[in-house]
Structures are given as structure tokens and as C-alpha cells.
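Only one structure is covered here, and it is reproduced in the block below.
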Amino acid sequence: MKRSVLACLAGLLTWAVVVTVINRVLRLSLPNYIAAEHTLQFTLGMKWARLLMAIVTSLVAGAVTHWISPSSRWAPSIVGSVVFAMFVPAHIALWSKFPVWYHLTFLLTIIPAVLVGALLPPHRNEDVSEVYSAQR
């Protein structure tokens, strides 16, 4: 149980950190992105970049959640649901600022992306595993 709670907290923290890092990359790499953030006047490319950012972030959060508690079936669902619940009020408040497809794409991909991230196999470096095994 403690491991599942820790996994949920780590998944949520991961979501916050990864989205912050990717958003900074967007600020540095997309011309006029910072100005668009202030006015919410994003170009179509910027909107898609933001949606991709949310999906990638959710995948990573799901993977971290599962990595910490691989036996928990519910931890990734909880992380996805909490992130979804955090963003519903924001999207309702900003409903008129963005097209409906943007809101629906963002909101309807959060939970599935976290769940898919939890299904991703952990990266294993076979060479390191073999060396470690040989030293024992």
C-alpha cells in the first residue's frame, strides 16, 4: 500500500517536472511562444506542440508510476484521474479561448496516456545486467 501511494505521488511529481521542462523547451524553440502564452493566442502548431507535451508527459508519469509500484493496478489510474481532475476546471474556465477539439483532445488523452505509459516495458541495458551478474 505504501509503495502504491509513493508511486502515485512520484507519478504526479513526474508529471509536473516533465511538463515544466518541455514547456521551457517550447519557450526556447518556438518563436513568439512566450508572447502567445500571455495572451493564449497560440498558433495551430503551438497548440499541437502543447497537446504533444501533455501526452509525452502523461506517458512518462505512467511509466514512473508503474516502475515504482509494478504490482499496483490502480496507481496509474489514480495518477491519470488526478491530473484529469486538476485540468477540468482550467479547461472549463478557458473554454471560449480554445477550440473544442483542443480541449477534448487534451482531456480525453490524459488518462489513456498515463495507462499506456504504465504498460511500457522498463528500459534495461542488457550489457550492464550481464556485467553485474558476472561479477557476483
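Scheme for the C-alpha cells: letters A, B, ... for chains in order shown; per-chain residue numbers from 1; ligand numbers from 1 in order shown.
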
Pro89 of chain A surroundings by only C-alpha atoms, 12 Å radius, close-in-sequence under 6 positions cut, as a PyMOL selection string: chain A and resi 83+95+103+107

Residue nearest Leu12 of chain A - candidates A:Leu40, A:Val56, A:Val114, A:Ala49, atoms counted: only C-alpha atoms: A:Val114

Nearest to His66 of chain A by atom-to-atom distance, counting only C-alpha atoms, from A:Leu28, A:Ala90, A:Val5, A:Ala118: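 The answer is A:Ala118, which sits nearest to His66 of chain A.
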
Contacts of Arg27 of chain A at 12 Å (only C-alpha atoms; same-chain gap of 3+ positions) as a list in words: Thr20, Val21, Ile22, Asn23, Arg24, Leu30, Pro31, Asn32, Tyr33, Ile34, Ala35, Ala36, Glu37, His38, Met46, Ala49 and Arg50 of chain A

For Trp74 of chain A: contacts at 12 Å, only C-alpha atoms, fewer than 6 positions along chain excluded, given as a PyMOL selection string: chain A and resi 1+3-5+7-8+62+65-66+80-81+111+114-115+118

Picked from chain A by DSSP as alpha helix (DSSP H), as an MDAnalysis selection string: chainID A and resid 2:29 33:39 44:68 75:93 100:119 126:135

One-decimal distance in Å that lies between atom CA of Val19 of chain A and atom CA of Leu51 of chain A: 10.8 Å

Spatial neighbours of Lys2 of chain A, max dist 12 Å, only C-alpha atoms, sep filter under 4 positions, as a list in words: Leu6, Ala7, Cys8, Leu9, Ile68, Ser69, Ser72 and Ala75 of chain A

Can you write just those residues out, N, CA and C atoms, as a PDB file, in the first residue's frame?
```
ATOM      1  N   LEU A   6       3.327   5.982  -2.732  1.00  0.00           N
ATOM      2  CA  LEU A   6       4.569   6.602  -3.192  1.00  0.00           C
ATOM      3  C   LEU A   6       4.596   6.684  -4.717  1.00  0.00           C
ATOM      4  N   ALA A   7       4.144   5.637  -5.384  1.00  0.00           N
ATOM      5  CA  ALA A   7       4.105   5.623  -6.850  1.00  0.00           C
ATOM      6  C   ALA A   7       3.178   6.717  -7.383  1.00  0.00           C
ATOM      7  N   CYS A   8       2.034   6.891  -6.741  1.00  0.00           N
ATOM      8  CA  CYS A   8       1.102   7.947  -7.164  1.00  0.00           C
ATOM      9  C   CYS A   8       1.721   9.325  -6.984  1.00  0.00           C
ATOM     10  N   LEU A   9       2.334   9.542  -5.845  1.00  0.00           N
ATOM     11  CA  LEU A   9       2.976  10.838  -5.592  1.00  0.00           C
ATOM     12  C   LEU A   9       4.118  11.085  -6.577  1.00  0.00           C
ATOM     13  N   ILE A  68       7.717   2.298 -10.040  1.00  0.00           N
ATOM     14  CA  ILE A  68       7.811   2.306  -8.582  1.00  0.00           C
ATOM     15  C   ILE A  68       6.914   1.234  -7.959  1.00  0.00           C
ATOM     16  N   SER A  69       5.748   1.042  -8.541  1.00  0.00           N
ATOM     17  CA  SER A  69       4.832   0.041  -7.991  1.00  0.00           C
ATOM     18  C   SER A  69       4.259  -0.817  -9.120  1.00  0.00           C
ATOM     19  N   SER A  72       0.845  -2.619  -8.652  1.00  0.00           N
ATOM     20  CA  SER A  72      -0.381  -1.849  -8.412  1.00  0.00           C
ATOM     21  C   SER A  72      -1.130  -1.621  -9.717  1.00  0.00           C
ATOM     22  N   ALA A  75      -2.621   2.393  -9.268  1.00  0.00           N
ATOM     23  CA  ALA A  75      -1.793   3.601  -9.165  1.00  0.00           C
ATOM     24  C   ALA A  75      -1.775   4.433 -10.454  1.00  0.00           C
TER      25      ALA A  75
END
```

Atomic distance atom CA of Thr14 of chain A - atom CA of Pro76 of chain A, expressed in Å with one decimal: 12.3 Å

Which residue of A:Ala61, A:Leu13, A:Leu26, A:Val18 approaches Leu120 of chain A most closely, using only C-alpha atoms: A:Ala61

Nearby residues (only C-alpha atoms) at most 10 Å from segment 91-93 of chain A, same-chain spacing under 4 positions excluded, as a count of residues only: 10

Residue with smallest distance to Val60 of chain A - pool A:Pro99, A:Trp15, A:Gln41, A:Val79, counting only C-alpha atoms: A:Trp15

7 Å contact set for Ala113 of chain A, only C-alpha atoms, chain neighbours under 2 positions out, as a list in words: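 Residues meeting the cut-off are Ile55, Ser58, Leu59, Thr109, Ile110, Ile111, Leu115, Val116 and Gly117 of chain A.
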
Residues just named, written with C-alpha atoms as a PDB file, in the first residue's frame:
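Output file selection.pdb is given in full below:
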```pdb
ATOM      1  CA  ILE A  55       0.744  13.246 -23.976  1.00  0.00           C
ATOM      2  CA  SER A  58       1.463  11.589 -19.229  1.00  0.00           C
ATOM      3  CA  LEU A  59       3.337   8.649 -20.784  1.00  0.00           C
ATOM      4  CA  THR A 109      -5.895  11.654 -23.769  1.00  0.00           C
ATOM      5  CA  ILE A 110      -4.625  12.240 -20.230  1.00  0.00           C
ATOM      6  CA  ILE A 111      -5.824   9.039 -18.555  1.00  0.00           C
ATOM      7  CA  LEU A 115      -2.157   3.987 -18.608  1.00  0.00           C
ATOM      8  CA  VAL A 116      -0.182   3.323 -21.804  1.00  0.00           C
ATOM      9  CA  GLY A 117       2.921   4.739 -20.132  1.00  0.00           C
TER      10      GLY A 117
END
```
